[in-house]
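> Before anything else, here's the structure in question.
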Amino acid sequence: MKAVLRALFSDIGRILLCALLMSLSYLPPLRFAWYFDIIFRAMALLVIGIPVFYEAIRGILRRDLLDEKFLMSVASIGAFALGEPLEAVAVLAFFTIGEMFEHYAVRRSRDSIRSLMKIRPDTATILRDTEECEVDAEDVEPGDIMICRTGDRIATDGVIISGDGDLDCSMLSGESLPVSVTVGEEVQSGAVVLRGILKIRAIRIAEQSCAGRILELVESASERKSKEEAFITKFSRVYTPVVVILATILCLVLTIFRILPFGEAFRRALTFLVISCPCALVISVPMAFFGGIGASASQGILFKGGNVFSPLAKARTFIFDKTGTLTSGEFELVEAVCPTMERDAFLSLVASAEYASNHPLALAIKKAVPDVKAPDEATERAGYGVIATIDGACVAVGNRRMLDEYATTKAIGLPADTRGVLYAIRDGVLIGYLRVSDNIRDGAKRAFGDLRSLGAQRLAILSGDRKESVATVAEALGADTYLGELLPEDKYARLEEYIEGGERVVYVGDGINDTPSLARADVGVAMGGIGQDSALEVSDLSILTDDLTKLPTAVRIARKTITIAKQNIIFAIGIKALVLILGALGYATMWIAVFADVGVCILAILNAMRTLYTKKN
Amino acid sequence: MKFKFTVTGLDCPNCAAKLSSMIEADDSITACKINFLTEKVTVESELTEDAVREIVRLYAKKFSSKVVIE
């Protein structure tokens with residue numbers, strides 16, 4: 001901070017001194033010699049220009065004649081030689097001021113984006129010879145004892161050796177509820193201690209810890225270039241030489257054809273040199289993507305590279321895996337119908353019959369009853385259900401086959417929709433039925449609605465599960481297409497069909513057996529934690545939580561990022577082209593050119609920061 | 001081997017690109033990438049970490065007095 005202030009003051013100091021010298025040079029009472037003003041102006045130029053000239057000389061020593069500082073020096077000294085000292089000084093002064101603002105803007109943006117990515121602390125408190133001391137997180141060695149108190153973030157992975165407490169692991173596993181931990185358990189870096197004082201023995205260095213790996217992933221994401229970034233990099237590579245050549249041609253043509261006197265032609269050419277720096281161009285676009293990566297990282301959405309934004313922004317087809325993605329894989333009792341009994345009594349009777357069964361449907365029923373009583377006797381009949389003896393009555397609970405075989409009379413009518421229905425039969429009489437359904441994750445419905453309003457044309461569910469249960473989920477969520485009983489290779493084939501049909505496909509899965517599909521899709525989205533390393537590797541986008549509404553958020557961020565990147569490209573190139581034309585025609589002075597150049601750069605950076613304020617839902 | 005250092009004091013991505021191509025041109029360096037936004041320089045080389053850091057520092061110093069490698 002001190003260094004920053006010092007640099008700022010020295011820049012400001014130089015600008016003030018330069019302004020003073022310049023004004024003195026225009027004061028008539030001080031004119032004691034004819035060369036007075038020239039000397040003062042030269043001094044002003046030197047005061048303001050020294051750092052620039054210094055870098056320019058270094059550039060020459062590197063044989064880099066297209067260095068921005070060198071070109072800027074040529075322009076300024078050229079203007080001075082042409083007898084325009086004010087312009088010469090103004091160019092450098094504006095350049096200095098502009099750079100100050102530019103660096104400030106870059107630093108601020110960089111810091112705010114980084115703070116969003118920060119899931120690992122910089123420091124850790126460790127125990128050294130019974131004394132606590134604070135060290136850099138990077139310096140914690142395996143075997144060190146870390147002390148983490150309420151509110152602390154764990155610096156590296158380790159095992160608890162004393163204390164117990166609750167952890168917030170939402171940035172790591174997506175688990176939104178606090179996780180209780182105690183002695184002997186392994187904890188991961190990035191988790192925040194919500195309650196308790198923990199002594200943790202580090203088992204990994206911070207860099208290789210859980211949060212370290214996520215951080216690495218996020219940081220390296222900005223290295224994978226998007227189409228837009230690649231374009232601007234290529235463009236900027238030719239931009240400077242082209243502008244310098246144009247300047248030369250302009251000067252020569254104007255002079256040789258006697259359109260303008262040499263002095264004026266030269267001055268116009270110098271204007272070109274002032275805006276020959278491609279900085280605004282090369283910073284504006286990557287900054288937009290960096291902003292997008294940071295904004296999403298803070299919400300647990302990890303883009304694997306800048307190249308993911310565009311396909312995600314354009315995608316109109318979203319394919320979902322069902323179990324583990326749209327549904328939690330657990331079943332839930334949604335309906336219990338029995339006209340002759342109280343609901344509680346009916347449920348406890350059924351649960352009692354299912355007492356010994358571990359079938360997922362049985363588990364769902366038992367979960368709905370607080371205290372399940374053991375039956376006198378029970379047998380499970382595979383493919384049918386269970387038959388039990390409870391208080392002397394024969395109770396059968398099972399599917400349609402069970403109903404057909406065991407029920408002689410029906411006390412109630414059958415439901416119109418028989419999906420997920422279990423029948424309860426007592427002594428040959430159908431007394432009621434229950435409906436069990438796949439537990440659709442919170443937010444899945446809203447995610448579908450959001451995607452639809454974002455213009456999704458096909459929301460499809462491809463699942464290995466039974467067709468009926470896929471249909472139930474598809475109907476509940478309003479999917480356009482759904483297919484069940486698919487093997488992983490069938491999913492892949494179906495996916496390929498869509499892609500070959502010209503659709504841009506996003507595939508959302510948990511990565512457990514659908515890695516080929518994740519890899520093949522235009523955008524592969526892995527849901528739910530970083531437990532699956534293979535999924536993390538092949539996916540283009542990882543959502544750390546199970547919250548599906550993060551998907552539309554990611555789409556929104558991607559679209560905003562792309563829009564901003566494009567705006568910045570057009571804006572930066574447009575303003576530069578405009579100033580070049582005005583400069584060639586003699587309407588733009590040099591300092592206007594500097595102003596335009598730096599101004600574009602700062603505005604582009606500010607524009608890029610807009611990604612950080614993308615609406616969440 | 002791949003090494004990562006922090007680089008601060010670069011003015012713009014253009015300068016970052018110039019410095020990285022300067023470093024890459026060194027015979028003992030296989031590849032060099034500078035990420036201006038994350039301020040990280042990634043260098044691939046057969047040498048030891050300390051030797052690579054020195055080489056990177058040397059070029060940084062040659063490039064501009066403001067650039068610091070850590």
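Order determines the names: the first chain of the structure tokens is A, the second B, and so forth; residues in each chain are numbered 1 upward, and ligands are numbered 1 upward as they are shown.
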Can you list, as a VMD selection string, every residue of stretch 148-373 of chain A that DSSP puts in helix (DSSP H, G or I)?
chain A and resid 206 to 208 210 to 221 227 to 256 262 to 274 279 to 297 306 to 314 343 to 353 360 to 367
> Any idea what's packed within 12 Å of stretch 22-35 of chain B, counting only C-alpha atoms, ignoring anything in its chain fewer than 2 positions away? Could you give it as a PyMOL selection string?
(chain A and resi 62-64+110+219-225+283+286-287+290) or (chain B and resi 1-8+10+12-20+37-49+51-63+69)
> May I have the residues within 9 Å of stretch 416-419 of chain A as a list of chain:residue names, using only C-alpha atoms and disregarding those fewer than 5 positions away in the same chain?
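Counting only C-alpha atoms, the residues come to A:Arg400, A:Arg435, A:Val436, A:Ser437, A:Glu468, A:Ser469, A:Thr472.
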> Residues within 12 Å of A:Asn307, please, as number ranges by chain. Count only C-alpha atoms; anything in the same chain fewer than 3 positions from it doesn't count.
A: 221-230, 286, 289-290, 292-293, 303-304, 310-313, 522-523, 540-541, 558, 561-562
> For those residues, write N, CA and C atoms to a file as a compact mmCIF listing (two decimals), in the first residue's frame.

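Generated output (part12.txt):
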```
# COMPACT_ATOMS: atom_id res chain seq x y z
N ALA A 221 -8.47 -21.49 -15.46
CA ALA A 221 -9.57 -21.34 -16.41
C ALA A 221 -9.34 -20.16 -17.34
N SER A 222 -8.72 -19.10 -16.80
CA SER A 222 -8.54 -17.92 -17.65
C SER A 222 -7.43 -18.15 -18.67
N GLU A 223 -6.74 -19.30 -18.58
CA GLU A 223 -5.71 -19.59 -19.58
C GLU A 223 -6.28 -20.24 -20.83
N ARG A 224 -7.44 -20.90 -20.66
CA ARG A 224 -8.05 -21.48 -21.86
C ARG A 224 -8.83 -20.38 -22.55
N LYS A 225 -8.33 -20.01 -23.72
CA LYS A 225 -8.85 -18.82 -24.37
C LYS A 225 -10.14 -19.08 -25.12
N SER A 226 -11.01 -18.08 -25.06
CA SER A 226 -12.24 -18.15 -25.84
C SER A 226 -11.93 -17.68 -27.25
N LYS A 227 -12.91 -17.89 -28.11
CA LYS A 227 -12.81 -17.44 -29.50
C LYS A 227 -12.54 -15.94 -29.55
N GLU A 228 -13.28 -15.21 -28.71
CA GLU A 228 -13.18 -13.75 -28.69
C GLU A 228 -11.77 -13.31 -28.26
N GLU A 229 -11.24 -14.00 -27.25
CA GLU A 229 -9.90 -13.64 -26.78
C GLU A 229 -8.85 -13.94 -27.84
N ALA A 230 -9.01 -15.09 -28.49
CA ALA A 230 -8.06 -15.46 -29.54
C ALA A 230 -8.07 -14.42 -30.65
N PRO A 286 -10.13 -10.27 -22.25
CA PRO A 286 -9.84 -11.24 -21.17
C PRO A 286 -10.43 -10.80 -19.84
N PHE A 289 -13.91 -12.05 -19.46
CA PHE A 289 -14.01 -13.48 -19.14
C PHE A 289 -13.54 -13.75 -17.71
N PHE A 290 -12.51 -13.03 -17.33
CA PHE A 290 -12.01 -13.18 -15.96
C PHE A 290 -13.13 -12.82 -14.97
N GLY A 292 -16.33 -13.02 -15.56
CA GLY A 292 -17.31 -14.09 -15.63
C GLY A 292 -16.89 -15.30 -14.80
N ILE A 293 -15.63 -15.64 -14.88
CA ILE A 293 -15.10 -16.79 -14.13
C ILE A 293 -15.19 -16.51 -12.63
N PHE A 303 -16.31 -22.54 -14.23
CA PHE A 303 -16.09 -22.64 -15.67
C PHE A 303 -14.68 -23.18 -15.86
N LYS A 304 -14.53 -24.16 -16.75
CA LYS A 304 -13.19 -24.73 -16.92
C LYS A 304 -12.33 -23.89 -17.84
N SER A 310 -19.11 -19.19 -24.62
CA SER A 310 -19.89 -19.01 -25.84
C SER A 310 -20.85 -20.18 -26.12
N PRO A 311 -20.38 -21.44 -26.09
CA PRO A 311 -21.33 -22.53 -26.31
C PRO A 311 -22.46 -22.57 -25.27
N LEU A 312 -22.17 -22.22 -24.05
CA LEU A 312 -23.23 -22.24 -23.03
C LEU A 312 -24.23 -21.12 -23.29
N ALA A 313 -23.72 -19.97 -23.71
CA ALA A 313 -24.61 -18.84 -23.98
C ALA A 313 -25.54 -19.15 -25.15
N ASP A 522 -21.54 -30.27 -26.13
CA ASP A 522 -20.89 -28.97 -26.35
C ASP A 522 -20.45 -28.39 -25.01
N VAL A 523 -21.34 -28.54 -24.04
CA VAL A 523 -20.98 -28.16 -22.67
C VAL A 523 -21.38 -29.31 -21.75
N ASP A 540 -17.05 -29.40 -18.66
CA ASP A 540 -16.62 -28.05 -19.01
C ASP A 540 -17.02 -27.07 -17.93
N LEU A 541 -18.02 -27.50 -17.17
CA LEU A 541 -18.57 -26.64 -16.14
C LEU A 541 -18.89 -27.53 -14.97
N ALA A 558 -22.86 -16.51 -18.52
CA ALA A 558 -22.18 -16.75 -19.79
C ALA A 558 -22.65 -15.75 -20.84
N THR A 561 -21.32 -12.29 -20.06
CA THR A 561 -19.89 -12.22 -20.34
C THR A 561 -19.64 -12.06 -21.83
N ILE A 562 -20.32 -12.87 -22.63
CA ILE A 562 -20.13 -12.80 -24.08
C ILE A 562 -20.55 -11.44 -24.62
```
> Within 12 Å of A:Glu186, counting only C-alpha atoms, which residues qualify if same-chain residues fewer than 4 places away don't, as a ChimeraX atom specification?
/A:154,156-162,164,167,179-182,191,198-204,209-210
> Please report, as a ChimeraX atom specification, each residue of stretch 116-294 of chain A to which DSSP assigns strand (DSSP E or B) when run on this structure's backbone.
/A:123-128,131-136,145-148,153,158-162,165-168,179-181,186-187,192-195,198-202
> Using only C-alpha atoms, can you tell me which of A:Ala56, A:Leu246, A:Leu260, A:Val600 comes closest to chain B?
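Checking each of A:Ala56, A:Leu246, A:Leu260, A:Val600 against chain B, counting only C-alpha atoms, the winner is A:Ala56.
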> For stretch 318-325 of chain A, please output as a list in words all residues within 8 Å (counting only C-alpha atoms; exclusion window: fewer than 4 positions along the same chain).
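Close residues of stretch 318-325 of chain A: Gly329, Arg441, Ala456, Arg458, Leu459, Ala460, Ile461, Leu462, Ser463, Asp465, Val470, Val505, Val506, Tyr507, Val508, Gly509, Asp510, Met527 and Asp546 of chain A.
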> Okay, now the selection with C-alpha atoms, as a short mmCIF file (atom, residue, chain, number, x, y, z; two decimals), in the first residue's frame?

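What follows is the written file result_4.cif:
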```cif
data_model
loop_
_atom_site.label_atom_id
_atom_site.label_comp_id
_atom_site.auth_asym_id
_atom_site.auth_seq_id
_atom_site.Cartn_x
_atom_site.Cartn_y
_atom_site.Cartn_z
CA GLY A 329 -32.20 -41.05 -5.81
CA ARG A 441 -34.53 -32.07 -6.03
CA ALA A 456 -34.31 -23.33 -24.10
CA ARG A 458 -35.48 -28.76 -25.76
CA LEU A 459 -35.34 -29.90 -22.16
CA ALA A 460 -34.72 -33.62 -22.25
CA ILE A 461 -34.29 -36.31 -19.65
CA LEU A 462 -32.25 -39.37 -20.54
CA SER A 463 -32.15 -42.00 -17.85
CA ASP A 465 -34.19 -45.80 -14.81
CA VAL A 470 -38.74 -41.14 -15.81
CA VAL A 505 -26.21 -29.44 -26.44
CA VAL A 506 -25.62 -29.00 -22.75
CA TYR A 507 -25.46 -32.30 -20.90
CA VAL A 508 -26.02 -32.24 -17.16
CA GLY A 509 -25.03 -35.29 -15.14
CA ASP A 510 -23.43 -36.36 -11.92
CA MET A 527 -23.36 -31.52 -10.74
CA ASP A 546 -26.77 -29.97 -6.01
#
```
